[in-house]
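Here is the structure we will look at.
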Amino acid sequence: MSVATLSQLITGVLLNACAQLLLKGAALSLKEVVENVKWDQYYLARAAIEMLTNIHLLGGLALYAVSVGLWVIVLGKVPVNVAYPMLSVGYVFNAVMAYLVFDEKLAGVQVVGLIIIIIGVVLLNQK
């Protein structure tokens, strides 16, 4: 795999992971809307407006769109059995970033699991 293709692959994975983090930010900023869903027209209209104007949600969706476009390009160059396991790097990135940004906890066993994911990705990319 060329350096350019690897860069595209990693960029796509990180964009997807960042999209998840932005969606988490949206969920937190829309907590009242999400927790108190009512099925009346007024409430649903207000909730839709709040969601459609939420910068975290819009940013997350935009990053998803870009990451999907980049992923299609990568899949045209790399076999699925090489590219797809690389998505697991996003799990590791998100777990660490959630710990740092959202103060989510990481237990020792979870850290071990993340290390196992990294080892698995390395092994799956061996020839």
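Chain identifiers are assigned as A, B, and so on, following the order in which chains appear in the structure tokens; residues are numbered from 1 within each chain, and ligands are numbered from 1 in order of appearance.
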Can you pull out the residues contacting A:Ala17? Cut-off 8 Å, using only C-alpha atoms, and skip same-chain residues under 5 positions away; I want them as a PDB file with C-alpha atoms, in the first residue's frame.
```pdb
ATOM      1  CA  GLY A  90     -11.197   4.557  15.258  1.00  0.00           C
ATOM      2  CA  TYR A  91     -12.452   2.639  18.319  1.00  0.00           C
ATOM      3  CA  PHE A  93      -8.997   6.844  19.049  1.00  0.00           C
ATOM      4  CA  ASN A  94     -12.557   7.443  20.254  1.00  0.00           C
TER       5      ASN A  94
END
```
Contact residues around A:Val66 with only C-alpha atoms at 10 Å, ignoring same-chain residues under 5 positions, as number ranges by chain: A: 12, 15-16, 19, 61, 71
Quick one: write out the picked residues with N, CA and C atoms as a CSV table (one decimal), in the first residue's frame?
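Final file, selection.csv:
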```csv
chain,number,residue,atom,x,y,z
A,12,GLY,N,-9.6,8.9,6.5
A,12,GLY,CA,-11.0,8.5,6.5
A,12,GLY,C,-11.4,7.9,7.9
A,15,LEU,N,-11.6,10.8,10.4
A,15,LEU,CA,-12.7,11.7,10.1
A,15,LEU,C,-14.0,11.0,10.7
A,16,ASN,N,-14.1,9.7,10.5
A,16,ASN,CA,-15.3,8.9,11.0
A,16,ASN,C,-15.3,9.0,12.5
A,19,ALA,N,-16.3,12.4,13.7
A,19,ALA,CA,-17.7,12.5,13.5
A,19,ALA,C,-18.5,11.9,14.7
A,61,LEU,N,-22.3,15.2,11.0
A,61,LEU,CA,-22.8,14.7,9.7
A,61,LEU,C,-22.0,15.0,8.5
A,71,TRP,N,-13.7,7.0,2.0
A,71,TRP,CA,-13.7,5.5,2.2
A,71,TRP,C,-13.9,4.8,0.8
```
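Proximity ranking of A:Leu21, A:Thr11, A:Ile73, A:Val80 relative to A:Val96 places A:Leu21 first, based on only C-alpha atoms.
Between A:Val89 and the candidates A:Asn54, A:Leu14, A:Lys24, A:Val101, the tightest atom-to-atom separation, counting only C-alpha atoms, involves A:Leu14.
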Straight-line distance linking atom CA of A:Tyr84 with atom CA of A:Asn125, stated in Å to one decimal: 10.6 Å
Residues near A:Ala4, cut-off 12 Å, only C-alpha atoms, skip fewer than 4 positions along chain, as a ChimeraX atom specification: /A:8-11,73-74,77-78
Residue contacts of A:Val82 (10 Å, only C-alpha atoms) excluding same-chain residues fewer than 3 positions away, as an MDAnalysis selection string: chainID A and resid 1 75 78:79 85:87 121 124:126
Output file for the selection above: N, CA and C atoms, as a JSON list (two decimals), in the first residue's frame:
```json
[["chain", "number", "residue", "atom", "x", "y", "z"],
["A", 1, "MET", "N", 0.85, -1.17, 0.00],
["A", 1, "MET", "CA", 0.00, 0.00, 0.00],
["A", 1, "MET", "C", 0.90, 1.24, 0.00],
["A", 75, "LEU", "N", -11.45, 2.11, -0.79],
["A", 75, "LEU", "CA", -11.88, 0.76, -1.15],
["A", 75, "LEU", "C", -11.61, 0.44, -2.61],
["A", 78, "VAL", "N", -7.70, -0.61, -2.08],
["A", 78, "VAL", "CA", -7.24, -1.54, -1.04],
["A", 78, "VAL", "C", -8.28, -2.65, -0.86],
["A", 79, "PRO", "N", -7.85, -3.88, -0.70],
["A", 79, "PRO", "CA", -8.81, -4.96, -0.44],
["A", 79, "PRO", "C", -9.58, -4.71, 0.86],
["A", 85, "PRO", "N", -10.45, -3.78, 8.78],
["A", 85, "PRO", "CA", -9.92, -3.86, 10.13],
["A", 85, "PRO", "C", -9.32, -2.53, 10.62],
["A", 86, "MET", "N", -8.91, -1.68, 9.69],
["A", 86, "MET", "CA", -8.34, -0.39, 10.09],
["A", 86, "MET", "C", -9.39, 0.50, 10.76],
["A", 87, "LEU", "N", -10.67, 0.24, 10.51],
["A", 87, "LEU", "CA", -11.71, 1.00, 11.19],
["A", 87, "LEU", "C", -11.62, 0.83, 12.71],
["A", 121, "VAL", "N", -4.98, -5.25, 14.66],
["A", 121, "VAL", "CA", -4.85, -4.48, 13.41],
["A", 121, "VAL", "C", -3.47, -4.67, 12.81],
["A", 124, "LEU", "N", -3.31, -8.21, 11.33],
["A", 124, "LEU", "CA", -4.13, -8.35, 10.13],
["A", 124, "LEU", "C", -3.49, -7.66, 8.92],
["A", 125, "ASN", "N", -2.59, -6.73, 9.16],
["A", 125, "ASN", "CA", -1.95, -6.02, 8.05],
["A", 125, "ASN", "C", -0.57, -6.59, 7.72],
["A", 126, "GLN", "N", -0.23, -7.73, 8.30],
["A", 126, "GLN", "CA", 1.03, -8.39, 7.97],
["A", 126, "GLN", "C", 0.85, -9.21, 6.71]]
```
